[in-house]
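Pasted below: data04.csv, CSV, C-alpha atoms.
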```csv
chain,number,residue,atom,x,y,z
A,1,CYS,CA,-2.8,-80.5,18.3
A,2,ASP,CA,-0.6,-81.4,21.2
A,3,MET,CA,0.3,-84.7,22.7
A,4,VAL,CA,2.0,-85.8,25.9
A,5,SER,CA,5.7,-86.1,25.3
A,6,CYS,CA,8.7,-86.6,27.6
A,7,GLY,CA,10.9,-84.6,25.2
A,8,GLU,CA,12.9,-87.4,23.7
A,9,CYS,CA,11.0,-87.7,20.4
A,10,ASP,CA,9.1,-84.4,20.4
A,11,GLU,CA,9.1,-81.2,22.5
A,12,GLU,CA,8.3,-81.9,26.1
A,13,SER,CA,4.6,-81.3,26.8
A,14,ASN,CA,1.8,-82.3,29.1
A,15,GLY,CA,-0.5,-82.5,26.1
A,16,CYS,CA,-2.1,-79.1,26.7
A,17,GLN,CA,0.5,-76.7,25.6
A,18,LYS,CA,-0.1,-76.1,21.9
A,19,ILE,CA,-3.4,-74.5,21.1
A,20,TYR,CA,-4.5,-73.4,17.5
A,21,ALA,CA,-7.5,-71.4,16.4
A,22,ILE,CA,-8.5,-69.3,13.4
A,23,THR,CA,-10.2,-66.0,12.8
A,24,LYS,CA,-12.1,-64.6,9.9
A,25,GLN,CA,-10.7,-61.7,7.9
A,26,ALA,CA,-10.8,-58.4,9.7
A,27,GLY,CA,-13.8,-56.7,8.2
A,28,GLY,CA,-12.8,-53.2,9.4
A,29,SER,CA,-9.3,-53.3,8.0
A,30,THR,CA,-8.9,-53.4,4.2
A,31,GLY,CA,-6.2,-55.8,3.2
A,32,THR,CA,-6.1,-57.8,6.4
A,33,PRO,CA,-6.3,-61.6,5.8
A,34,PRO,CA,-7.6,-64.1,8.3
A,35,ASP,CA,-5.3,-65.2,11.1
A,36,VAL,CA,-4.2,-68.3,12.9
A,37,LEU,CA,-4.1,-67.7,16.7
A,38,LEU,CA,-1.7,-69.9,18.6
A,39,SER,CA,-0.3,-70.5,22.0
A,40,VAL,CA,2.7,-72.7,22.8
A,41,ASP,CA,2.4,-72.4,26.6
A,42,GLY,CA,-1.1,-73.6,27.4
A,43,GLY,CA,-2.7,-70.2,26.7
A,44,ALA,CA,-0.5,-67.9,28.9
A,45,VAL,CA,0.8,-66.0,25.8
A,46,TRP,CA,-1.0,-65.8,22.4
A,47,TYR,CA,0.3,-65.0,19.0
A,48,ALA,CA,-1.6,-64.0,15.8
A,49,TYR,CA,-0.2,-64.6,12.3
A,50,ASP,CA,-1.7,-64.1,8.9
A,51,ILE,CA,-2.8,-67.2,7.0
A,52,ASP,CA,-0.8,-65.8,4.1
A,53,SER,CA,-2.0,-68.4,1.5
A,54,LEU,CA,-5.6,-67.2,1.8
A,55,LEU,CA,-6.7,-64.2,-0.2
A,56,ILE,CA,-8.1,-61.2,1.7
A,57,ALA,CA,-11.7,-62.0,0.8
A,58,GLU,CA,-11.4,-65.7,1.7
A,59,ASP,CA,-12.2,-67.0,5.2
A,60,PRO,CA,-11.0,-70.2,6.8
A,61,ASP,CA,-13.5,-72.7,8.1
A,62,GLU,CA,-11.6,-75.0,10.4
A,63,ILE,CA,-8.1,-76.0,11.6
A,64,ASP,CA,-6.8,-79.4,12.8
A,65,CYS,CA,-3.6,-81.3,12.8
A,66,LEU,CA,-2.4,-84.2,10.6
A,67,GLY,CA,1.0,-85.7,11.5
A,68,ASN,CA,3.6,-82.9,11.4
A,69,TYR,CA,1.2,-80.4,9.8
A,70,ALA,CA,-1.5,-77.9,10.9
A,71,VAL,CA,-4.1,-77.8,8.2
A,72,VAL,CA,-6.7,-75.1,7.6
A,73,VAL,CA,-9.7,-75.8,5.2
A,74,SER,CA,-11.5,-73.0,3.4
A,75,GLU,CA,-14.8,-73.3,1.5
A,76,ASP,CA,-14.1,-69.8,0.1
A,77,SER,CA,-10.8,-70.9,-1.5
A,78,CYS,CA,-12.0,-74.5,-2.2
A,79,SER,CA,-8.6,-75.7,-0.8
A,80,LEU,CA,-6.6,-76.6,2.2
A,81,HIS,CA,-3.7,-74.6,3.6
A,82,TYR,CA,-0.9,-76.3,5.5
A,83,VAL,CA,2.1,-75.4,7.6
A,84,LEU,CA,4.6,-77.4,9.6
A,85,LYS,CA,3.6,-77.4,13.2
A,86,SER,CA,7.2,-76.6,14.1
A,87,GLU,CA,6.7,-73.2,12.3
A,88,LEU,CA,3.8,-72.4,14.7
A,89,ASN,CA,6.3,-71.5,17.5
A,90,GLY,CA,5.5,-67.9,18.3
A,91,VAL,CA,9.0,-66.8,17.1
A,92,VAL,CA,8.6,-66.2,13.3
A,93,ALA,CA,5.6,-65.8,11.1
A,94,PRO,CA,4.7,-69.2,9.5
A,95,ASP,CA,4.4,-69.7,5.7
A,96,PHE,CA,1.2,-71.5,4.7
A,97,THR,CA,0.9,-73.4,1.4
A,98,LYS,CA,-2.3,-73.6,-0.5
A,99,VAL,CA,-3.3,-77.0,-2.1
A,100,ALA,CA,-6.5,-77.4,-4.2
A,101,THR,CA,-5.6,-80.8,-5.7
A,102,GLY,CA,-8.6,-83.2,-5.5
A,103,PHE,CA,-11.3,-80.7,-4.4
A,104,VAL,CA,-14.3,-80.5,-6.6
A,105,ALA,CA,-16.1,-77.2,-7.4
A,106,GLY,CA,-19.4,-77.3,-5.6
A,107,GLY,CA,-18.0,-79.7,-3.0
A,108,CYS,CA,-15.6,-77.3,-1.3
A,109,PRO,CA,-14.3,-78.1,2.2
A,110,ARG,CA,-15.9,-76.9,5.4
A,111,ALA,CA,-14.6,-79.2,8.2
A,112,ILE,CA,-11.6,-81.3,9.0
A,113,LYS,CA,-10.7,-83.9,11.5
A,114,GLY,CA,-7.2,-85.4,11.7
A,115,VAL,CA,-6.7,-88.8,13.4
A,116,GLY,CA,-3.3,-90.3,13.5
A,117,ASN,CA,-1.8,-90.1,10.0
A,118,TYR,CA,-5.1,-89.5,8.2
A,119,ALA,CA,-7.7,-86.6,8.0
A,120,PHE,CA,-11.3,-86.6,6.9
A,121,ILE,CA,-12.6,-83.4,5.3
A,122,ALA,CA,-16.4,-82.8,4.9
A,123,GLY,CA,-17.7,-80.2,2.5
A,124,ALA,CA,-20.6,-78.7,0.6
A,125,ASN,CA,-23.1,-80.8,-1.3
A,126,GLY,CA,-22.3,-84.0,0.6
A,127,TYR,CA,-18.7,-84.3,-0.5
A,128,ILE,CA,-16.3,-86.1,1.8
A,129,TYR,CA,-12.5,-86.2,1.2
A,130,GLY,CA,-9.6,-88.0,2.8
A,131,THR,CA,-5.9,-87.3,2.9
A,132,ALA,CA,-2.8,-88.9,4.5
A,133,ASP,CA,-0.6,-86.1,3.0
A,134,PRO,CA,-1.9,-82.6,2.9
A,135,THR,CA,1.0,-81.5,0.6
A,136,ALA,CA,-0.4,-83.8,-2.1
A,137,GLY,CA,-4.0,-82.9,-1.9
A,138,VAL,CA,-7.1,-85.0,-1.2
A,139,ASP,CA,-9.0,-88.0,-2.5
A,140,VAL,CA,-12.8,-88.0,-2.9
A,141,LEU,CA,-14.3,-90.6,-0.6
A,142,ASP,CA,-17.9,-89.7,-1.4
A,143,ALA,CA,-19.0,-87.3,-4.1
A,144,GLY,CA,-22.3,-86.4,-2.6
A,145,VAL,CA,-23.8,-89.8,-3.4
A,146,ALA,CA,-24.8,-90.8,0.2
A,147,VAL,CA,-26.4,-87.4,0.8
A,148,ALA,CA,-26.3,-84.1,-1.2
A,149,ASP,CA,-26.7,-81.8,1.8
A,150,ASP,CA,-23.9,-79.5,3.0
A,151,PHE,CA,-21.8,-80.8,5.8
A,152,TYR,CA,-20.7,-78.5,8.7
A,153,ALA,CA,-18.7,-80.8,11.0
A,154,VAL,CA,-16.8,-84.1,10.9
A,155,ASP,CA,-15.4,-86.2,13.7
A,156,ALA,CA,-13.5,-89.5,13.6
A,157,LEU,CA,-12.8,-92.4,16.0
A,158,ASP,CA,-9.8,-93.6,13.9
A,159,GLU,CA,-8.4,-93.7,10.4
A,160,ASN,CA,-11.3,-96.0,9.2
A,161,PHE,CA,-14.4,-94.5,10.8
A,162,ALA,CA,-15.7,-90.9,10.6
A,163,VAL,CA,-19.1,-89.2,10.9
A,164,ALA,CA,-20.0,-86.0,9.1
A,165,VAL,CA,-23.1,-83.9,10.0
A,166,GLY,CA,-24.9,-81.1,8.3
A,167,GLU,CA,-28.1,-79.6,6.9
A,168,ASN,CA,-31.4,-81.4,7.0
A,169,SER,CA,-30.3,-83.9,9.5
A,170,ALA,CA,-27.6,-85.2,7.1
```
What does this structure look like when you write it as structure tokens?
Amino acid sequence: CDMVSCGECDEESNGCQKIYAITKQAGGSTGTPPDVLLSVDGGAVWYAYDIDSLLIAEDPDEIDCLGNYAVVVSEDSCSLHYVLKSELNGVVAPDFTKVATGFVAGGCPRAIKGVGNYAFIAGANGYIYGTADPTAGVDVLDAGVAVADDFYAVDALDENFAVAVGENSA
């Protein structure tokens, strides 16, 4: 989720400074939600913050960036959870927002890939979604018509071309 920048239009970066990852809920600690792990200095120092919009029994599946947002998808919550990337600074705990608009029960999200100003989201039962604005939710691009198998990953070359992969060679 980082790009090379001279510092004029964004924070100065060599493109390898901002690193985001997710964890599942802490099984040994009752009441501990999943975390977003982040580094703003290329991995020298790491921070962990709760993904506060996920319930304690809900795990995240994947995180990626879309424009000014970091977006987490969760099959357990059948939703996405977004935060401004500027809030992932290692200074204050970020506030995630949950959005379920557009997701269909039985086709909950499992994977996300942001490219430019668009993100593809692949889910259960062959569902594929798209969004240019995570704050407004998603649109169904394929309602399990092409394949009805569960997708586990998605990658995209650009805003017009993506490939999702999953069960049974889907």
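Note that CA of Val83 in chain A and CA of Leu141 in chain A are 23.8 Å apart.
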Taking 4 positions as the minimum chain separation for residues in the same chain, which residues sit within 12 Å of range 151-166 of chain A when counting all atoms listed in the file? Answer as a ChimeraX atom specification. /A:61-64,66,73-75,107-132,141-142,144,146-147,170
Output for the residues just chosen: C-alpha atoms as a CSV table (one decimal), in the coordinates of the input:
```csv
chain,number,residue,atom,x,y,z
A,61,ASP,CA,-13.5,-72.7,8.1
A,62,GLU,CA,-11.6,-75.0,10.4
A,63,ILE,CA,-8.1,-76.0,11.6
A,64,ASP,CA,-6.8,-79.4,12.8
A,66,LEU,CA,-2.4,-84.2,10.6
A,73,VAL,CA,-9.7,-75.8,5.2
A,74,SER,CA,-11.5,-73.0,3.4
A,75,GLU,CA,-14.8,-73.3,1.5
A,107,GLY,CA,-18.0,-79.7,-3.0
A,108,CYS,CA,-15.6,-77.3,-1.3
A,109,PRO,CA,-14.3,-78.1,2.2
A,110,ARG,CA,-15.9,-76.9,5.4
A,111,ALA,CA,-14.6,-79.2,8.2
A,112,ILE,CA,-11.6,-81.3,9.0
A,113,LYS,CA,-10.7,-83.9,11.5
A,114,GLY,CA,-7.2,-85.4,11.7
A,115,VAL,CA,-6.7,-88.8,13.4
A,116,GLY,CA,-3.3,-90.3,13.5
A,117,ASN,CA,-1.8,-90.1,10.0
A,118,TYR,CA,-5.1,-89.5,8.2
A,119,ALA,CA,-7.7,-86.6,8.0
A,120,PHE,CA,-11.3,-86.6,6.9
A,121,ILE,CA,-12.6,-83.4,5.3
A,122,ALA,CA,-16.4,-82.8,4.9
A,123,GLY,CA,-17.7,-80.2,2.5
A,124,ALA,CA,-20.6,-78.7,0.6
A,125,ASN,CA,-23.1,-80.8,-1.3
A,126,GLY,CA,-22.3,-84.0,0.6
A,127,TYR,CA,-18.7,-84.3,-0.5
A,128,ILE,CA,-16.3,-86.1,1.8
A,129,TYR,CA,-12.5,-86.2,1.2
A,130,GLY,CA,-9.6,-88.0,2.8
A,131,THR,CA,-5.9,-87.3,2.9
A,132,ALA,CA,-2.8,-88.9,4.5
A,141,LEU,CA,-14.3,-90.6,-0.6
A,142,ASP,CA,-17.9,-89.7,-1.4
A,144,GLY,CA,-22.3,-86.4,-2.6
A,146,ALA,CA,-24.8,-90.8,0.2
A,147,VAL,CA,-26.4,-87.4,0.8
A,170,ALA,CA,-27.6,-85.2,7.1
```
For CA of Thr23 in chain A and CA of Ser53 in chain A, determine how far apart the two atoms are, in Å to one decimal place. 14.2 Å
What lies within 12 Å of Ser13 in chain A using all atoms listed in the file, ignoring chain neighbours under 4 positions off, as a PyMOL selection string? chain A and resi 1-9+17-19+40-42
Contacts of Tyr47 in chain A at 10 Å or less, counting all atoms listed in the file, minus same-chain residues fewer than 5 places along, as a VMD selection string? chain A and resid 20 35 to 40 88 to 91 93
Give me, please, the distance in Å between CA of Thr135 in chain A and CA of Gln25 in chain A, quoted to one decimal.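 Here the two named atoms are 24.1 Å from each other.
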Excluding Phe103 in chain A and residues on its chain fewer than 6 positions from it, collect all residues at most 8 Å away from it, counting only C-alpha atoms, and give them as a PyMOL selection string. chain A and resi 78-79+109+129+138-140
Would you write out those residues with C-alpha atoms, as an mmCIF file, keeping the file's coordinate frame?
```cif
data_model
loop_
_atom_site.group_PDB
_atom_site.id
_atom_site.type_symbol
_atom_site.label_atom_id
_atom_site.label_comp_id
_atom_site.auth_asym_id
_atom_site.auth_seq_id
_atom_site.Cartn_x
_atom_site.Cartn_y
_atom_site.Cartn_z
ATOM 1 C CA CYS A 78 -12.000 -74.500 -2.200
ATOM 2 C CA SER A 79 -8.600 -75.700 -0.800
ATOM 3 C CA PRO A 109 -14.300 -78.100 2.200
ATOM 4 C CA TYR A 129 -12.500 -86.200 1.200
ATOM 5 C CA VAL A 138 -7.100 -85.000 -1.200
ATOM 6 C CA ASP A 139 -9.000 -88.000 -2.500
ATOM 7 C CA VAL A 140 -12.800 -88.000 -2.900
#
```
Given the point (4.6, -80.0, 13.4) in the file's coordinates, find the residues that have an atom at most 8 Å from it, counting all atoms listed in the file, and give them as a list in words.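 Here the neighbourhood of the point contains Gly67, Asn68, Tyr69, Ala70, Val83, Leu84, Lys85, Ser86, Glu87 and Leu88 of chain A.
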